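Student: Okay, here's the structure, questions in a sec.
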Amino acid sequence: MEAKLGRVVITGVAGRVGPTVRAALHRDAEHVVLVDRESVTADGANETALKADIADLGALARSFEGAEAVVHLAGLSGEAPFADLLDTNVQGTFNVLEAARRAGVRRVVLASSNRVTGNYPIHHHVFPDEPPRPDGLYGVSKVASEALGQMYADTFGLEVVALRLGSFEEEPTETRHLATWLSPRDCAGFVRAALTAPNVSFVAAYAVSANARRFWDLAGGESELGYRPVDDAARFAAGFPDDDPFWHGGPQGGAYAGPDAVLPYVRDE
Ligand SMILES: NC(=O)c1ccc[n+]([C@@H]2O[C@H](COP(=O)([O-])OP(=O)(O)OC[C@H]3O[C@@H](n4cnc5c(N)ncnc54)[C@H](O)[C@@H]3O)[C@@H](O)[C@H]2O)c1
């Protein structure tokens with residue numbers, strides 16, 4: 001990387017993806033602000049830890065003061081009751097974008113999800129500009145977050161990159177991951193590119209490793225963000241059955257899609 005980033009905030013840094021982003025930014029940014037509702041400990045002089053809930057717009061705006069960019073990871077990371085998804089993923093993303101606007105932040109990277117298009121069938125190669133087909137309520141909340149990002153870009157000139165993360169794992173643990181795996185190394189590469197790519201207004205891109213069996217387009221992300229992933233889940237293929245029903249057809253979300261995945265979270269209000 002050439003120019004070092006200035007001050008960068010990571011929300012939701014205490015989750016699964018956070019430590020990988022934190023480690024990448026430790027090298028690339030002059031100062032990293034660690035935000036989570038859980039306690040996090042700063043490591044060294046170039047980190048500051050702040051306990052804050054993304055429901056608190058004022059606290060977010062204060063923690064964003066002087067920041068050049070925000071990587072927004074905080075949120076509910078799977079299917080959940082719709083009211084909770086609206087509070088945390090939709091209102092929470094609004095709060096992050098609005099706090100960024102107030103604090104004069106230049107760029108926000110949103111952790112979106114492949115699940116915004118999880119109801120496309122597995123034999124369909126999806127480009128990021130195709131209409132959303134969320135595979136559940138969580139996917140719907142991420143469609144709304146992306147729409148908020150687009151609006152903040154168009155209306156206020158905030159630079160926004162929505163990274164549709166694949167399945168972030170050390171290595172694949174289920175058949176679907178042969179298509180959807182996002183290695184930690186590629187995750188760091190995509191986030192770094194999302195923070196540094198020139199000429200960004202709003203970009204939505206899949207962040208997935210270069211898996212031979214992937215069903216999401218990488219060319220758009222590569223041309224707009226300039227990152228070409230390096231890992232391929234195919235090297236783990238021997239650990240999974242070739243005739244797994246997942247490959248026979250059905251939604252890209254696999255077992256995470258369909259009525260059995262959504263109905264447990266539909267409450268009688
Ligand atoms: N892990 C994946 O494979 C994957 C795939 C697609 C998208 N994503 C998205 O990436 C992001 C990070 O994923 P993850 O797997 O690390 O999630 P995670 O559930 O492990 O961590 C989420 C973090 O957000 C924090 N958080 C939740 N609500 C908060 C609030 N109201 N205020 C402040 N902090 C709050 C939690 O304390 C936690 O540290 C999420 O937005 C998720 O939807 C993840």
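The chains in the structure tokens are called A, B, ... from first to last as shown; in each chain the residues are counted from 1, and the ligands are counted from 1 in the order shown.
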Check which residues fall inside 8 Å of ligand 1 when counting only C-alpha atoms and all ligand atoms, and print them as a ChimeraX atom specification.
Tutor: /A:11-18,35-38,51-55,72-78,88-89,92,110-115,142,164-169,182
Student: Identify, on the basis of only C-alpha atoms, every residue whose closest approach to Glu79 (chain A) does not exceed 9 Å; exclude the query and any residue fewer than 2 positions from it along the same chain; express the result as a list of chain:residue names.
Tutor: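 Residues near the query, excluding close chain neighbours: A:Leu76, A:Ser77, A:Pro81, A:Phe82, A:Leu85, A:Gly136, A:Leu137, A:Tyr138, A:Gly139, A:Tyr256, A:Ala261, A:Val262, A:Tyr265.
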Student: Give me, as a ChimeraX atom specification, all polymer residues having an atom no more than 7 Å from Pro251 (chain A), counting only C-alpha atoms and skipping those fewer than 2 positions away in the same chain.
Tutor: /A:118-122,249,253-254,257
Student: The selected residues should be written to file as a PDB file, in the first residue's frame (atoms: C-alpha atoms).
Tutor:
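Contents of part.pdb, as written:
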```
ATOM      1  CA  GLY A 118     -29.402 -15.228  -1.660  1.00  0.00           C
ATOM      2  CA  ASN A 119     -32.638 -16.216  -3.371  1.00  0.00           C
ATOM      3  CA  TYR A 120     -31.089 -16.279  -6.848  1.00  0.00           C
ATOM      4  CA  PRO A 121     -30.637 -19.924  -7.867  1.00  0.00           C
ATOM      5  CA  ILE A 122     -27.159 -21.425  -7.565  1.00  0.00           C
ATOM      6  CA  GLY A 249     -30.251 -26.531  -7.382  1.00  0.00           C
ATOM      7  CA  GLY A 253     -28.475 -19.082   0.470  1.00  0.00           C
ATOM      8  CA  GLY A 254     -28.803 -22.882   0.754  1.00  0.00           C
ATOM      9  CA  ALA A 257     -32.862 -19.560   2.773  1.00  0.00           C
TER      10      ALA A 257
END
```
Student: Could you check the closest approach to Ser145 (chain A) for each of A:Val126, A:Ala193, A:Leu25, A:Val116 and tell me which residue wins, using only C-alpha atoms?
Tutor: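 With only C-alpha atoms as the atom set, the closest residue is A:Val116.
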Student: Hey, which bits of region 99-213 of chain A sit within 6 Å of region 227-237 of chain A, and for each residue what's the closest pair of atoms and how far apart in Å (one decimal), counting only C-alpha atoms, rows by chain and increasing number, as a tab-separated table?
Tutor:
```
residue	atom	partner	partner_atom	distance
A:Leu178	CA	A:Ala233	CA	5.1
A:Asp186	CA	A:Pro229	CA	5.5
A:Ser209	CA	A:Pro229	CA	5.3
A:Ala210	CA	A:Asp232	CA	5.0
A:Asn211	CA	A:Asp232	CA	4.2
```
Student: Can you pull out every residue within 12 Å of Glu30 (chain A), counting only C-alpha atoms, but drop anything in the same chain fewer than 3 positions away, and send it as a PDB file with N, CA and C atoms, in the first residue's frame?
Tutor:
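The resulting file, around-v4.pdb, is shown below:
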```
ATOM      1  N   ALA A   3      -0.007   5.349   0.074  1.00  0.00           N
ATOM      2  CA  ALA A   3      -0.310   6.338   1.109  1.00  0.00           C
ATOM      3  C   ALA A   3      -0.965   5.655   2.299  1.00  0.00           C
ATOM      4  N   LYS A   4      -0.515   6.011   3.485  1.00  0.00           N
ATOM      5  CA  LYS A   4      -1.135   5.479   4.687  1.00  0.00           C
ATOM      6  C   LYS A   4      -2.471   6.163   4.910  1.00  0.00           C
ATOM      7  N   LEU A   5      -3.430   5.400   5.430  1.00  0.00           N
ATOM      8  CA  LEU A   5      -4.704   5.998   5.793  1.00  0.00           C
ATOM      9  C   LEU A   5      -4.499   6.806   7.072  1.00  0.00           C
ATOM     10  N   GLY A   6      -5.369   7.776   7.276  1.00  0.00           N
ATOM     11  CA  GLY A   6      -5.296   8.563   8.516  1.00  0.00           C
ATOM     12  C   GLY A   6      -5.982   7.831   9.653  1.00  0.00           C
ATOM     13  N   ARG A   7      -6.976   8.509  10.240  1.00  0.00           N
ATOM     14  CA  ARG A   7      -7.717   7.918  11.371  1.00  0.00           C
ATOM     15  C   ARG A   7      -8.903   7.135  10.809  1.00  0.00           C
ATOM     16  N   VAL A   8      -9.017   5.883  11.202  1.00  0.00           N
ATOM     17  CA  VAL A   8     -10.097   5.031  10.699  1.00  0.00           C
ATOM     18  C   VAL A   8     -10.828   4.413  11.893  1.00  0.00           C
ATOM     19  N   VAL A   9     -12.159   4.433  11.833  1.00  0.00           N
ATOM     20  CA  VAL A   9     -12.981   3.842  12.896  1.00  0.00           C
ATOM     21  C   VAL A   9     -13.487   2.480  12.420  1.00  0.00           C
ATOM     22  N   ALA A  24      -5.353  -5.631   9.766  1.00  0.00           N
ATOM     23  CA  ALA A  24      -4.963  -5.005   8.498  1.00  0.00           C
ATOM     24  C   ALA A  24      -4.748  -3.499   8.693  1.00  0.00           C
ATOM     25  N   LEU A  25      -5.654  -2.881   9.446  1.00  0.00           N
ATOM     26  CA  LEU A  25      -5.558  -1.430   9.615  1.00  0.00           C
ATOM     27  C   LEU A  25      -4.435  -1.035  10.559  1.00  0.00           C
ATOM     28  N   HIS A  26      -4.051  -1.953  11.414  1.00  0.00           N
ATOM     29  CA  HIS A  26      -2.938  -1.682  12.319  1.00  0.00           C
ATOM     30  C   HIS A  26      -1.703  -1.279  11.508  1.00  0.00           C
ATOM     31  N   ARG A  27      -1.562  -1.909  10.350  1.00  0.00           N
ATOM     32  CA  ARG A  27      -0.420  -1.578   9.481  1.00  0.00           C
ATOM     33  C   ARG A  27      -0.714  -0.369   8.600  1.00  0.00           C
ATOM     34  N   VAL A  33      -9.713   3.633  15.612  1.00  0.00           N
ATOM     35  CA  VAL A  33     -10.644   3.778  16.728  1.00  0.00           C
ATOM     36  C   VAL A  33     -11.536   2.542  16.747  1.00  0.00           C
ATOM     37  N   GLY A  44      -1.570  -0.500  22.094  1.00  0.00           N
ATOM     38  CA  GLY A  44      -0.549   0.425  21.603  1.00  0.00           C
ATOM     39  C   GLY A  44      -1.103   1.813  21.369  1.00  0.00           C
ATOM     40  N   ALA A  45      -0.187   2.718  21.033  1.00  0.00           N
ATOM     41  CA  ALA A  45      -0.531   4.136  20.949  1.00  0.00           C
ATOM     42  C   ALA A  45      -1.364   4.478  19.725  1.00  0.00           C
ATOM     43  N   ASN A  46      -1.383   3.617  18.717  1.00  0.00           N
ATOM     44  CA  ASN A  46      -2.160   4.015  17.535  1.00  0.00           C
ATOM     45  C   ASN A  46      -3.579   3.431  17.534  1.00  0.00           C
ATOM     46  N   GLU A  47      -4.045   2.988  18.704  1.00  0.00           N
ATOM     47  CA  GLU A  47      -5.440   2.543  18.821  1.00  0.00           C
ATOM     48  C   GLU A  47      -6.130   3.260  19.985  1.00  0.00           C
ATOM     49  N   THR A  48      -7.423   3.544  19.788  1.00  0.00           N
ATOM     50  CA  THR A  48      -8.273   4.050  20.867  1.00  0.00           C
ATOM     51  C   THR A  48      -9.500   3.157  20.920  1.00  0.00           C
ATOM     52  N   GLY A  66     -12.680  13.666  13.442  1.00  0.00           N
ATOM     53  CA  GLY A  66     -11.311  13.596  12.921  1.00  0.00           C
ATOM     54  C   GLY A  66     -11.018  12.364  12.081  1.00  0.00           C
ATOM     55  N   ALA A  67     -12.018  11.492  11.896  1.00  0.00           N
ATOM     56  CA  ALA A  67     -11.768  10.253  11.146  1.00  0.00           C
ATOM     57  C   ALA A  67     -11.886  10.501   9.649  1.00  0.00           C
ATOM     58  N   GLU A  68     -11.041   9.808   8.923  1.00  0.00           N
ATOM     59  CA  GLU A  68     -11.090   9.870   7.465  1.00  0.00           C
ATOM     60  C   GLU A  68     -12.101   8.844   6.930  1.00  0.00           C
ATOM     61  N   ALA A  69     -12.214   7.724   7.605  1.00  0.00           N
ATOM     62  CA  ALA A  69     -13.076   6.649   7.109  1.00  0.00           C
ATOM     63  C   ALA A  69     -13.613   5.821   8.270  1.00  0.00           C
TER      64      ALA A  69
END
```
Student: If you count only C-alpha atoms, which residues fall within 12 Å of Gly157 (chain A), apart from same-chain ones fewer than 5 positions away, as a PyMOL selection string?
Tutor: chain A and resi 97+100-101+104-108+149-152+199-202
Student: From a DSSP calculation on the backbone, collect every residue of region 49-206 of chain A in alpha helix (DSSP H) and output the set as a ChimeraX atom specification.
Tutor: /A:57-64,82-85,92-103,137-156,177-180,184-196
Student: List every residue of region 66-248 of chain A that DSSP, applied to the backbone of this structure, places in strand (DSSP E or B), and write the result as an MDAnalysis selection string.
Tutor: chainID A and resid 69:72 107:113 121 126 159:165 167:168 181:182 202:207 216
Student: Could you write out that same residue set with C-alpha atoms as a tab-separated table (two decimals), in the first residue's frame?
Tutor:
```tsv
chain	number	residue	atom	x	y	z
A	69	ALA	CA	-13.08	6.65	7.11
A	70	VAL	CA	-15.36	4.24	8.96
A	71	VAL	CA	-15.60	0.48	8.49
A	72	HIS	CA	-19.07	-0.40	9.76
A	107	ARG	CA	-15.71	7.35	3.25
A	108	VAL	CA	-17.82	4.64	4.88
A	109	VAL	CA	-17.38	0.94	4.13
A	110	LEU	CA	-20.54	-0.99	4.97
A	111	ALA	CA	-20.42	-4.71	5.78
A	112	SER	CA	-23.26	-5.84	3.57
A	113	SER	CA	-23.93	-9.47	2.80
A	121	PRO	CA	-30.64	-19.92	-7.87
A	126	VAL	CA	-25.03	-12.69	-10.09
A	159	GLU	CA	-18.20	7.97	-0.42
A	160	VAL	CA	-19.78	4.60	0.34
A	161	VAL	CA	-18.64	1.07	-0.46
A	162	ALA	CA	-21.02	-1.78	0.37
A	163	LEU	CA	-18.99	-4.97	0.57
A	164	ARG	CA	-21.26	-8.00	0.21
A	165	LEU	CA	-19.18	-10.33	2.33
A	167	SER	CA	-18.77	-16.66	4.26
A	168	PHE	CA	-15.90	-15.41	6.41
A	181	TRP	CA	-15.89	-18.70	1.22
A	182	LEU	CA	-14.17	-15.41	2.06
A	202	PHE	CA	-21.27	4.42	-4.30
A	203	VAL	CA	-19.99	0.91	-5.04
A	204	ALA	CA	-21.61	-2.40	-4.17
A	205	ALA	CA	-19.27	-5.35	-4.64
A	206	TYR	CA	-19.11	-9.00	-3.64
A	207	ALA	CA	-16.23	-9.73	-1.29
A	216	TRP	CA	-20.99	-13.98	-7.72
```
Student: With a distance cut-off of 10 Å and only C-alpha atoms, select the neighbouring residues of Arg62 (chain A), excluding the residue or stretch itself and same-chain residues fewer than 6 positions from it, and output the selection as a ChimeraX atom specification.
Tutor: /A:99-100,102-103
